>>> print(open('protein11.cif').read())   # mmCIF, C-alpha atoms and all ligand atoms
data_structure
#
loop_
_atom_site.label_atom_id
_atom_site.label_comp_id
_atom_site.auth_asym_id
_atom_site.auth_seq_id
_atom_site.Cartn_x
_atom_site.Cartn_y
_atom_site.Cartn_z
CA MET A 1 124.81 124.16 77.74
CA PRO A 2 122.12 122.32 79.76
CA VAL A 3 123.37 119.70 82.22
CA THR A 4 122.37 116.17 81.31
CA VAL A 5 123.14 112.71 82.66
CA PRO A 6 125.97 110.39 81.49
CA LEU A 7 125.19 107.80 78.84
CA LEU A 8 125.85 104.17 79.85
CA THR A 9 128.09 102.09 77.59
CA PRO A 10 126.67 98.99 75.86
CA ASP A 11 128.61 96.81 78.34
CA GLN A 12 127.10 98.65 81.30
CA ILE A 13 123.62 98.34 79.82
CA ALA A 14 124.15 94.60 79.25
CA GLN A 15 124.78 94.20 82.98
CA LEU A 16 121.43 95.70 83.97
CA PRO A 17 118.59 93.32 84.88
CA GLU A 18 116.44 92.42 81.89
CA ALA A 19 113.41 94.36 83.18
CA ALA A 20 115.49 97.53 83.53
CA ARG A 21 116.81 97.24 79.97
CA SER A 22 113.29 97.55 78.60
CA VAL A 23 112.97 101.26 77.83
CA VAL A 24 109.31 101.25 76.71
CA ASP A 25 106.73 99.24 78.61
CA TYR A 26 103.01 99.45 79.19
CA ARG A 27 101.66 100.30 82.62
CA LYS A 28 98.07 100.91 83.57
CA SER A 29 98.19 104.67 83.21
CA GLY A 30 100.04 104.63 79.90
CA LEU A 31 102.92 103.55 77.71
CA SER A 32 105.94 104.36 79.79
CA LEU A 33 109.29 105.72 78.55
CA ASN A 34 112.27 105.09 80.87
CA HIS A 35 115.59 105.61 79.17
CA ILE A 36 116.86 107.55 82.21
CA GLN A 37 117.20 105.44 85.33
CA GLY A 38 118.62 106.05 88.80
CA CYS A 39 117.48 108.26 91.66
CA PRO A 40 119.13 109.71 94.77
CA LEU A 41 115.89 110.40 96.65
CA ASP A 42 115.85 106.92 98.27
CA CYS A 43 112.18 106.47 99.16
CA ALA A 44 112.16 103.07 100.90
CA TYR A 45 109.08 101.88 99.01
CA CYS A 46 110.45 102.82 95.55
CA ILE A 47 109.29 100.66 92.65
CA ARG A 48 112.98 100.54 91.59
CA HIS A 49 113.33 97.61 93.99
CA THR A 50 111.17 95.49 91.71
CA TYR A 51 113.24 96.31 88.61
CA GLY A 52 116.53 95.36 90.27
CA VAL A 53 118.00 98.89 90.03
CA TRP A 54 117.66 100.07 93.64
CA GLU A 55 121.46 100.46 93.78
CA MET A 56 121.39 103.00 90.92
CA THR A 57 121.32 106.16 92.99
CA GLN A 58 122.63 108.42 90.23
CA PRO A 59 120.60 108.93 87.04
CA ARG A 60 122.10 107.44 83.89
CA ALA A 61 120.88 107.37 80.28
CA LEU A 62 120.43 104.13 78.37
CA MET A 63 120.23 105.98 75.05
CA PRO A 64 119.95 109.53 73.67
CA ASP A 65 116.55 111.24 73.97
CA ASP A 66 115.84 111.36 70.24
CA GLU A 67 116.43 107.63 69.90
CA ALA A 68 114.17 106.96 72.93
CA VAL A 69 111.31 109.00 71.43
CA ARG A 70 111.76 107.20 68.11
CA GLN A 71 111.42 103.86 69.92
CA LEU A 72 108.34 105.09 71.78
CA VAL A 73 106.39 106.26 68.73
CA ALA A 74 107.47 103.20 66.70
CA HIS A 75 106.37 100.80 69.46
CA PRO A 76 103.65 98.37 68.33
CA TYR A 77 101.43 99.53 71.21
CA PHE A 78 101.75 103.25 70.42
CA GLN A 79 98.73 104.87 68.75
CA ALA A 80 99.15 108.49 67.68
CA HIS A 81 96.76 110.92 69.47
CA HIS A 82 95.42 108.06 71.54
CA THR A 83 97.85 106.10 73.71
CA PRO A 84 98.50 107.82 77.05
CA VAL A 85 102.23 108.20 77.60
CA GLN A 86 104.24 108.46 80.81
CA VAL A 87 107.78 109.82 80.95
CA PHE A 88 110.32 108.67 83.58
CA ASN A 89 107.78 107.25 86.02
CA ARG A 90 109.63 104.07 86.92
CA ALA A 91 113.20 104.66 87.92
CA THR A 92 113.99 108.33 88.43
CA ASP A 93 112.34 111.67 89.19
CA PRO A 94 111.84 113.71 86.00
CA PHE A 95 112.46 117.05 87.73
CA LEU A 96 115.84 116.16 89.25
CA PRO A 97 118.23 118.88 88.05
CA ARG A 98 120.14 116.65 85.62
CA VAL A 99 117.07 114.74 84.44
CA LYS A 100 114.90 117.77 83.76
CA GLU A 101 116.60 118.66 80.48
CA HIS A 102 115.90 115.16 79.18
CA LEU A 103 112.27 115.49 80.23
CA PHE A 104 111.81 118.72 78.32
CA THR A 105 113.65 117.38 75.26
CA VAL A 106 111.27 114.40 75.16
CA LEU A 107 108.16 116.54 75.68
CA GLU A 108 109.22 119.04 73.03
CA ASP A 109 110.06 116.27 70.57
CA LEU A 110 106.61 114.67 71.03
CA ASP A 111 104.95 118.06 70.79
CA SER A 112 106.80 118.99 67.60
CA ARG A 113 105.34 115.88 65.95
CA GLY A 114 101.86 117.36 66.37
CA LEU A 115 100.79 114.53 68.70
CA THR A 116 97.87 115.20 71.04
CA ASN A 117 98.33 112.18 73.33
CA HIS A 118 98.03 112.53 77.09
CA VAL A 119 101.50 112.71 78.65
CA LEU A 120 101.75 112.07 82.39
CA VAL A 121 104.75 113.24 84.42
CA ILE A 122 105.05 112.26 88.09
CA THR A 123 107.35 114.17 90.42
CA ARG A 124 107.96 114.93 94.06
CA TYR A 125 110.88 117.23 93.37
CA ARG A 126 111.37 120.94 92.84
CA VAL A 127 109.48 122.66 90.02
CA ASP A 128 110.27 126.32 89.33
CA PRO A 129 108.22 129.02 87.57
CA GLU A 130 110.61 128.77 84.59
CA ASP A 131 109.70 125.08 84.29
CA CYS A 132 106.02 126.03 84.24
CA ASP A 133 106.67 128.56 81.47
CA ARG A 134 108.38 125.89 79.40
CA LEU A 135 105.48 123.49 79.98
CA ASN A 136 103.03 126.17 78.93
CA ARG A 137 104.84 126.56 75.61
CA LEU A 138 103.88 123.00 74.57
CA THR A 139 101.00 123.32 72.15
CA ASN A 140 99.82 119.83 71.15
CA ILE A 141 100.40 117.13 73.77
CA ARG A 142 98.08 117.11 76.78
CA VAL A 143 100.46 117.29 79.73
CA THR A 144 99.51 116.45 83.30
CA ILE A 145 101.99 116.87 86.14
CA LEU A 146 101.15 114.63 89.08
CA VAL A 147 102.85 115.85 92.25
CA THR A 148 103.48 113.02 94.69
CA TYR A 149 102.81 114.18 98.23
CA SER A 150 102.66 111.86 101.24
CA GLY A 151 103.22 113.95 104.36
CA ILE A 152 105.43 111.08 105.67
CA SER A 153 107.94 112.52 108.14
CA ASP A 154 109.85 109.30 108.96
CA LYS A 155 113.14 109.98 107.15
CA ARG A 156 113.94 106.26 107.03
CA ILE A 157 110.91 105.74 104.82
CA GLU A 158 111.05 108.98 102.87
CA PRO A 159 114.21 111.07 103.18
CA VAL A 160 112.95 113.87 100.92
CA ASN A 161 110.90 116.52 102.68
CA SER A 162 107.21 116.67 101.65
CA GLU A 163 107.42 120.48 101.77
CA ILE A 164 109.31 120.36 98.46
CA ALA A 165 106.34 118.67 96.81
CA GLU A 166 103.96 121.12 98.48
CA ARG A 167 105.85 124.11 97.03
CA SER A 168 106.02 122.49 93.59
CA LEU A 169 102.29 121.82 93.61
CA LYS A 170 101.49 125.42 94.45
CA THR A 171 103.94 126.77 91.86
CA LEU A 172 102.60 124.49 89.14
CA TYR A 173 98.99 125.31 89.89
CA ALA A 174 99.61 129.05 90.06
CA HIS A 175 101.21 129.01 86.59
CA ALA A 176 99.07 126.38 84.87
CA ASP A 177 97.80 127.39 81.47
CA ARG A 178 98.30 124.66 78.86
CA TYR A 179 99.01 121.81 81.33
CA ARG A 180 97.11 120.38 84.31
CA VAL A 181 98.20 119.57 87.88
CA ILE A 182 97.13 116.68 90.08
CA LEU A 183 97.78 116.23 93.80
CA TYR A 184 99.02 112.63 93.87
CA TRP A 185 98.42 111.82 97.54
CA ARG A 186 100.35 108.64 98.11
CA PRO A 187 101.37 106.28 99.49
CA LEU A 188 98.76 106.39 102.23
CA VAL A 189 99.77 103.97 104.98
CA PRO A 190 97.76 103.40 108.18
CA GLY A 191 99.67 104.57 111.24
CA LEU A 192 102.23 106.46 109.19
CA ASN A 193 100.51 109.37 107.48
CA ASP A 194 96.79 109.09 108.17
CA THR A 195 96.22 111.27 111.23
CA PRO A 196 93.43 113.90 111.15
CA GLU A 197 96.19 116.48 110.62
CA HIS A 198 97.46 114.61 107.55
CA MET A 199 93.91 114.47 106.19
CA ALA A 200 93.34 118.18 106.81
CA LYS A 201 96.60 119.03 105.06
CA ALA A 202 95.62 117.02 101.97
CA VAL A 203 92.25 118.77 101.88
CA GLU A 204 94.04 122.12 101.99
CA LEU A 205 96.47 121.12 99.21
CA SER A 206 93.65 119.81 97.04
CA HIS A 207 92.73 123.45 96.40
CA HIS A 208 96.05 123.90 94.61
CA ALA A 209 95.37 121.22 92.00
CA HIS A 210 92.87 120.44 89.26
CA GLY A 211 92.14 117.14 90.98
CA THR A 212 93.40 114.80 93.73
CA VAL A 213 94.09 111.07 93.60
CA PHE A 214 94.57 109.07 96.79
CA THR A 215 96.20 105.70 96.72
CA GLY A 216 98.07 103.21 98.86
CA LEU A 217 101.33 101.34 98.86
CA PHE A 218 102.61 98.75 96.41
CA TYR A 219 103.99 96.37 99.02
CA ARG A 220 105.74 93.82 96.87
CA ASP A 221 108.12 91.08 98.01
CA GLU A 222 111.27 92.98 97.00
CA ILE A 223 110.12 96.05 98.95
CA ALA A 224 109.17 93.96 102.01
CA ASP A 225 112.64 92.33 101.90
CA TYR A 226 114.23 95.78 101.96
CA TYR A 227 112.07 96.87 104.91
CA LYS A 228 113.05 93.72 106.85
CA ALA A 229 116.77 93.98 106.02
CA ASN A 230 116.82 97.57 107.26
CA ASN A 231 114.60 97.08 110.32
CA LEU A 232 112.01 99.48 109.00
CA PRO A 233 108.52 99.30 110.54
CA GLU A 234 106.60 96.96 108.25
CA PRO A 235 103.31 98.52 107.16
CA TYR A 236 101.52 95.21 106.51
CA GLU A 237 101.98 91.58 107.49
CA GLY A 238 101.88 90.33 103.93
CA THR A 239 102.71 91.58 100.46
CA ALA A 240 100.22 92.01 97.63
CA ARG A 241 100.13 92.17 93.86
CA ARG A 242 97.97 95.30 93.89
CA LYS A 243 98.07 98.56 95.80
CA ILE A 244 96.81 98.38 99.39
CA VAL A 245 94.13 100.78 100.66
CA PRO A 246 92.34 99.30 103.69
CA GLU A 247 88.61 99.92 103.92
CA THR A 248 88.69 102.09 107.05
CA LEU A 249 91.41 104.27 105.54
CA GLU A 250 89.39 104.81 102.39
CA ARG A 251 86.33 105.73 104.44
CA ARG A 252 88.26 108.31 106.44
CA VAL A 253 89.70 109.87 103.27
CA LEU A 254 86.24 110.21 101.77
CA GLU A 255 84.89 111.73 104.98
CA ALA A 256 87.74 114.23 105.15
CA PHE A 257 87.19 115.35 101.56
CA ALA A 258 83.42 115.49 101.88
CA ASP A 259 84.04 118.43 104.19
CA GLY A 260 85.46 120.98 101.72
CA GLY A 261 88.01 119.02 99.67
CA GLY A 262 88.62 119.48 95.95
CA PRO A 263 87.59 116.90 93.30
CA LEU A 264 88.77 113.49 94.50
CA PHE A 265 89.46 110.31 92.51
CA ARG A 266 90.48 106.74 93.22
CA LYS A 267 92.15 106.26 89.85
CA THR A 268 94.96 108.18 88.20
CA SER A 269 93.41 108.12 84.73
CA CYS A 270 90.12 109.46 86.13
CA SER A 271 91.85 112.50 87.59
CA VAL A 272 93.85 113.15 84.41
CA SER A 273 90.78 112.77 82.21
CA PHE A 274 88.73 115.05 84.46
CA ALA A 275 91.44 117.70 84.44
CA HIS A 276 91.45 117.74 80.62
CA GLU A 277 87.65 117.45 80.37
CA VAL A 278 87.61 114.15 78.47
CA PRO A 279 86.12 110.76 79.42
CA ASP A 280 88.29 108.36 81.41
CA TYR A 281 90.65 106.64 78.99
CA ASN A 282 90.71 103.49 81.13
CA GLY A 283 86.94 103.03 80.91
CA HIS A 284 86.49 102.87 84.68
CA TYR A 285 82.92 104.03 84.23
CA GLY A 286 81.97 100.37 83.74
CA ILE A 287 82.93 99.72 87.37
CA ARG A 288 80.00 101.76 88.59
CA GLU A 289 80.89 101.92 92.29
CA LEU A 290 84.16 103.67 91.40
CA CYS A 291 82.32 106.76 90.24
CA ASP A 292 80.38 107.54 93.42
CA ILE A 293 82.77 110.38 94.29
CA CYS A 294 83.15 111.84 90.80
CA PRO A 295 81.88 115.35 89.90
CA ALA A 296 78.49 115.20 88.13
CA LYS A 297 79.75 116.86 84.95
CA GLN A 298 82.51 114.30 84.54
CA LEU A 299 80.12 111.46 85.35
CA ALA A 300 77.86 112.62 82.54
CA LEU A 301 80.79 112.83 80.13
CA CYS A 302 81.98 109.30 80.91
CA ALA A 303 78.40 107.97 80.72
CA LYS A 304 77.97 109.49 77.27
CA HIS A 305 81.10 107.79 75.93
CA HIS A 306 80.70 104.43 77.68
CA ASP A 307 80.44 101.96 74.87
CA LYS A 308 80.54 98.22 75.40
CA PRO A 309 82.70 96.84 72.56
CA THR A 310 81.57 93.95 70.40
CA HIS A 311 83.57 90.73 70.15
CA ASP A 312 84.49 91.77 66.61
CA ALA A 313 85.82 95.15 67.72
CA VAL A 314 88.05 93.43 70.31
CA ARG A 315 89.30 90.89 67.77
CA ASP A 316 89.98 93.62 65.19
CA LEU A 317 92.14 95.58 67.60
CA ALA A 318 93.80 92.42 68.93
CA ARG A 319 95.03 91.67 65.41
CA ARG A 320 97.47 94.55 65.91
CA LEU A 321 99.04 92.75 68.87
CA PRO A 322 102.14 90.92 67.66
CA GLY A 323 101.56 87.17 68.18
CA ARG A 324 98.33 87.74 70.16
CA GLU A 325 95.76 87.74 67.37
CA ASP A 326 93.95 84.77 68.94
CA VAL A 327 92.92 86.57 72.12
CA GLU A 328 90.39 84.51 74.05
CA ILE A 329 87.33 86.56 75.05
CA VAL A 330 85.66 84.91 78.04
CA GLU A 331 82.79 87.40 78.25
CA ILE A 332 82.00 91.09 77.76
CA THR A 333 79.68 92.66 80.31
CA GLU A 334 78.62 96.27 80.90
CA ARG A 335 81.47 96.45 83.46
CA ALA A 336 84.43 94.90 81.65
CA ALA A 337 85.72 92.52 79.02
CA ILE A 338 87.14 89.39 80.62
CA VAL A 339 89.94 87.83 78.58
CA ALA A 340 92.23 84.85 78.98
CA GLY A 341 95.85 84.35 78.03
CA LEU A 342 96.84 88.01 77.82
CA ASP A 343 99.48 89.60 80.05
CA GLU A 344 99.13 93.08 81.47
CA GLN A 345 100.73 94.98 78.60
CA PRO A 346 98.54 93.76 75.72
CA ARG A 347 95.50 94.10 78.00
CA TYR A 348 96.31 97.76 78.56
CA PHE A 349 96.68 98.19 74.80
CA LEU A 350 93.13 96.91 74.32
CA GLN A 351 91.83 98.87 77.30
CA HIS A 352 93.19 102.20 76.09
CA GLY A 353 92.36 101.41 72.47
CA LEU A 354 88.68 100.84 73.26
CA GLY A 355 88.29 102.99 76.41
CA PHE A 356 86.84 99.98 78.21
CA GLN A 357 88.05 97.84 81.12
CA PHE A 358 89.85 94.61 80.22
CA HIS A 359 90.34 92.15 83.08
CA ASP A 360 92.35 88.97 83.27
CA GLN A 361 90.27 85.91 83.99
CA ARG A 362 92.96 84.73 86.45
CA HIS A 363 92.71 87.88 88.58
CA PRO A 364 89.02 88.71 89.02
CA HIS A 365 88.20 92.16 90.38
CA LYS A 366 86.28 91.98 93.62
CA PRO A 367 83.29 94.23 94.31
CA ARG A 368 84.06 97.44 96.27
CA LEU A 369 87.85 96.93 96.14
CA HIS A 370 88.29 99.07 93.02
CA GLY A 371 91.03 96.84 91.59
CA ARG A 372 93.11 97.05 94.75
CA ALA A 373 94.51 94.39 97.11
CA ASP A 374 92.06 92.76 99.55
CA THR A 375 94.37 93.52 102.50
CA GLY A 376 92.31 95.41 105.09
CA TRP A 377 88.95 94.57 103.50
CA PRO A 378 86.81 92.12 105.44
CA THR A 379 85.63 89.09 103.50
CA ASP A 380 81.93 88.28 103.44
CA GLN A 381 82.65 85.70 106.14
CA ASP A 382 84.45 88.30 108.32
CA ALA A 383 81.52 90.65 107.92
CA ALA A 384 79.12 87.88 108.89
CA ASP A 385 81.26 87.06 111.95
CA GLN A 386 81.34 90.71 112.99
CA THR A 387 77.58 90.94 112.65
CA THR A 388 77.22 87.81 114.73
CA SER A 389 79.60 89.03 117.42
CA LYS A 390 77.52 92.19 117.88
CA GLU A 391 74.51 90.08 118.77
CA PRO A 392 73.79 89.91 122.52
CA VAL A 393 74.79 86.51 123.86
S1 LIG B 1 82.77 109.06 85.95
FE1 LIG B 1 83.80 107.27 86.79
S2 LIG B 1 85.14 106.59 85.15
FE2 LIG B 1 84.58 108.69 84.68
S3 LIG B 1 86.26 109.90 85.56
FE3 LIG B 1 84.59 109.78 87.05
S4 LIG B 1 85.20 108.06 88.36
FE4 LIG B 1 86.36 107.88 86.48
#
>>> encode(input="protein11.cif", output="structure tokens", more="lines below")
Ligand code: SF4
Amino acid sequence: MPVTVPLLTPDQIAQLPEAARSVVDYRKSGLSLNHIQGCPLDCAYCIRHTYGVWEMTQPRALMPDDEAVRQLVAHPYFQAHHTPVQVFNRATDPFLPRVKEHLFTVLEDLDSRGLTNHVLVITRYRVDPEDCDRLNRLTNIRVTILVTYSGISDKRIEPVNSEIAERSLKTLYAHADRYRVILYWRPLVPGLNDTPEHMAKAVELSHHAHGTVFTGLFYRDEIADYYKANNLPEPYEGTARRKIVPETLERRVLEAFADGGGPLFRKTSCSVSFAHEVPDYNGHYGIRELCDICPAKQLALCAKHHDKPTHDAVRDLARRLPGREDVEIVEITERAAIVAGLDEQPRYFLQHGLGFQFHDQRHPHKPRLHGRADTGWPTDQDAADQTTSKEPV
């Protein structure tokens, strides 16, 4: 009998914060299923802080797996064969010994329905050859395992040893047949895991994956509060709504990979799409400067499928959004559709539905930042000042 996690009672579920009680929600890389929550790995920067479940250090189930899958495929945002799905990416690690059986039950249930959707699974824990065999037996869904690897050795920030992720990556890649493997190199933090040795290690590991994504830290208020309360070295002076990748760090990553690294991407969906040889499902191709590091074959594929939607096409799809039929389209350019009055989740529904970027008018994307925080990127004024200061006086 496989070992699974205990089911919470209705009273226990009622005591969870509202955000944690939501079992299906839309995140940028896909519609996310999270009916198992709780993790003992204790990474200080865990996104669990922002859902109010940091104290849940043991995984618990909010409902049985079959009910969770039913809710996922019945969700108004779910489109068969189309919507990218993520399993257990918010509040636990899917390959923890007790959680793993739930993961496979969900994957096999989706697969048995004949669905061909992308399914993304993010782990930093142990993956064995038997797990790979079971993944290879899935015949319909397009599975990508993203192995989080940081190389952080400060146990206060990341108690779990990065060597576990390294072994899992190599095992997964060596056995990959039906599924794909991504080196998820994150969170990159200046001064913590960005030495030349860290860079060289990532380059080496990139040869054990179908692609590599590098990204920074989500340094939100709740996470900063935790760092302060526990006297942890604060990585940045301020918090940010988006992930932080300072300009100099990005440049050094690109330089390191230019010298013999595997295919490198700034965006998760780009790496997943590349690995499965399909165009990027987030339509990042519109943001032309994002693609300057992409392999030529993939660039050609995304170019071929880049299709600016008409206002009518956006309105038609928006009619499927409960209560959001009156979406306000500010403008549609070759880069993105700018809309007003839509939160993140319905915007992602439109974005994935049309394979085109949808941006919120309130949060404009700045050139060169690739949708990330502006922390560590000089403003035009800073750049002008620096230029001036180099002038002889
Ligand atoms: S061409 Fe651009 S949008 Fe397409 S996968 Fe590459 S980086 Fe992403």
>>> residues_around(input="protein11.cif", residues="segment 36-42 of chain A", least_positions_apart="5", cutoff="7 Å", atoms="all atoms listed in the file", output="list in words")
Met56, Thr57, Gln58, Pro59, Arg60, Ala61, Leu62, Phe88, Ala91, Thr92, Asp93, Glu158, Pro159 and Val160 of chain A
>>> write_last_selection(input="protein11.cif", atoms="C-alpha atoms", output="PDB file, in the frame of the given file")
ATOM      1  CA  MET A  56     121.390 103.000  90.920  1.00  0.00           C
ATOM      2  CA  THR A  57     121.320 106.160  92.990  1.00  0.00           C
ATOM      3  CA  GLN A  58     122.630 108.420  90.230  1.00  0.00           C
ATOM      4  CA  PRO A  59     120.600 108.930  87.040  1.00  0.00           C
ATOM      5  CA  ARG A  60     122.100 107.440  83.890  1.00  0.00           C
ATOM      6  CA  ALA A  61     120.880 107.370  80.280  1.00  0.00           C
ATOM      7  CA  LEU A  62     120.430 104.130  78.370  1.00  0.00           C
ATOM      8  CA  PHE A  88     110.320 108.670  83.580  1.00  0.00           C
ATOM      9  CA  ALA A  91     113.200 104.660  87.920  1.00  0.00           C
ATOM     10  CA  THR A  92     113.990 108.330  88.430  1.00  0.00           C
ATOM     11  CA  ASP A  93     112.340 111.670  89.190  1.00  0.00           C
ATOM     12  CA  GLU A 158     111.050 108.980 102.870  1.00  0.00           C
ATOM     13  CA  PRO A 159     114.210 111.070 103.180  1.00  0.00           C
ATOM     14  CA  VAL A 160     112.950 113.870 100.920  1.00  0.00           C
TER      15      VAL A 160
END
>>> residues_near_ligand(input="protein11.cif", ligand="ligand LIG 1 (chain B)", cutoff="6 Å", atoms="only C-alpha atoms and all ligand atoms", output="MDAnalysis selection string")
chainID A and resid 270 274 279:280 283:285 290:291 294 298:299 302
>>> residues_around(input="protein11.cif", residues="Val99 of chain A", least_positions_apart="2", cutoff="8 Å", atoms="all atoms listed in the file", output="PyMOL selection string")
chain A and resi 4-5+36+59+93-97+101-103
>>> atom_distance(input="protein11.cif", atom1="atom CA of Ile145 of chain A", atom2="atom CA of Val69 of chain A")
19.1 Å
>>> closest_residue(input="protein11.cif", among="A:Asp221, A:Asp326, A:Asp11, A:Glu289", to="His49 of chain A", atoms="only C-alpha atoms")
A:Asp221
>>> residues_around(input="protein11.cif", residues="segment 15-30 of chain A", least_positions_apart="6", cutoff="9 Å", atoms="only C-alpha atoms", output="VMD selection string")
chain A and resid 36 to 37 48 50 to 53 62 68 71 to 72 75 77 83 to 86 91 118 to 120 268 to 269 281 to 282 344 to 346 348 to 349 352
>>> build_atoms(input="protein11.cif", residues="segment 91-107 of chain A", atoms="N, CA, C and O atoms", output="compact mmCIF listing (two decimals), in the frame of the given file")
# COMPACT_ATOMS: atom_id res chain seq x y z
N ALA A 91 111.88 104.88 87.34
CA ALA A 91 113.20 104.66 87.92
C ALA A 91 113.98 105.93 88.23
O ALA A 91 115.15 105.88 88.56
N THR A 92 113.32 107.08 88.09
CA THR A 92 113.99 108.33 88.43
C THR A 92 112.91 109.37 88.69
O THR A 92 111.72 109.08 88.56
N ASP A 93 113.32 110.57 89.09
CA ASP A 93 112.34 111.67 89.19
C ASP A 93 112.62 112.64 88.04
O ASP A 93 113.73 113.15 87.89
N PRO A 94 111.61 112.92 87.21
CA PRO A 94 111.84 113.71 86.00
C PRO A 94 112.27 115.15 86.26
O PRO A 94 112.81 115.79 85.36
N PHE A 95 112.06 115.66 87.48
CA PHE A 95 112.46 117.05 87.73
C PHE A 95 113.76 117.15 88.53
O PHE A 95 114.13 118.24 88.98
N LEU A 96 114.49 116.05 88.68
CA LEU A 96 115.84 116.16 89.25
C LEU A 96 116.65 117.07 88.32
O LEU A 96 116.47 117.03 87.10
N PRO A 97 117.56 117.87 88.89
CA PRO A 97 118.23 118.88 88.05
C PRO A 97 118.83 118.32 86.76
O PRO A 97 118.69 118.92 85.71
N ARG A 98 119.49 117.18 86.83
CA ARG A 98 120.14 116.65 85.62
C ARG A 98 119.15 115.95 84.69
O ARG A 98 119.42 115.77 83.51
N VAL A 99 118.04 115.52 85.25
CA VAL A 99 117.07 114.74 84.44
C VAL A 99 116.12 115.67 83.69
O VAL A 99 115.62 115.34 82.62
N LYS A 100 115.92 116.84 84.28
CA LYS A 100 114.90 117.77 83.76
C LYS A 100 115.10 118.11 82.29
O LYS A 100 114.14 118.17 81.52
N GLU A 101 116.35 118.31 81.88
CA GLU A 101 116.60 118.66 80.48
C GLU A 101 116.16 117.54 79.55
O GLU A 101 115.63 117.78 78.46
N HIS A 102 116.36 116.31 80.00
CA HIS A 102 115.90 115.16 79.18
C HIS A 102 114.38 115.16 79.10
O HIS A 102 113.81 114.87 78.05
N LEU A 103 113.74 115.45 80.23
CA LEU A 103 112.27 115.49 80.23
C LEU A 103 111.77 116.49 79.18
O LEU A 103 110.91 116.16 78.35
N PHE A 104 112.30 117.69 79.24
CA PHE A 104 111.81 118.72 78.32
C PHE A 104 112.15 118.37 76.86
O PHE A 104 111.36 118.64 75.95
N THR A 105 113.30 117.78 76.63
CA THR A 105 113.65 117.38 75.26
C THR A 105 112.64 116.38 74.73
O THR A 105 112.17 116.48 73.59
N VAL A 106 112.25 115.41 75.58
CA VAL A 106 111.27 114.40 75.16
C VAL A 106 109.91 115.06 74.91
O VAL A 106 109.27 114.83 73.88
N LEU A 107 109.47 115.90 75.84
CA LEU A 107 108.16 116.54 75.68
C LEU A 107 108.13 117.40 74.42
O LEU A 107 107.16 117.37 73.65
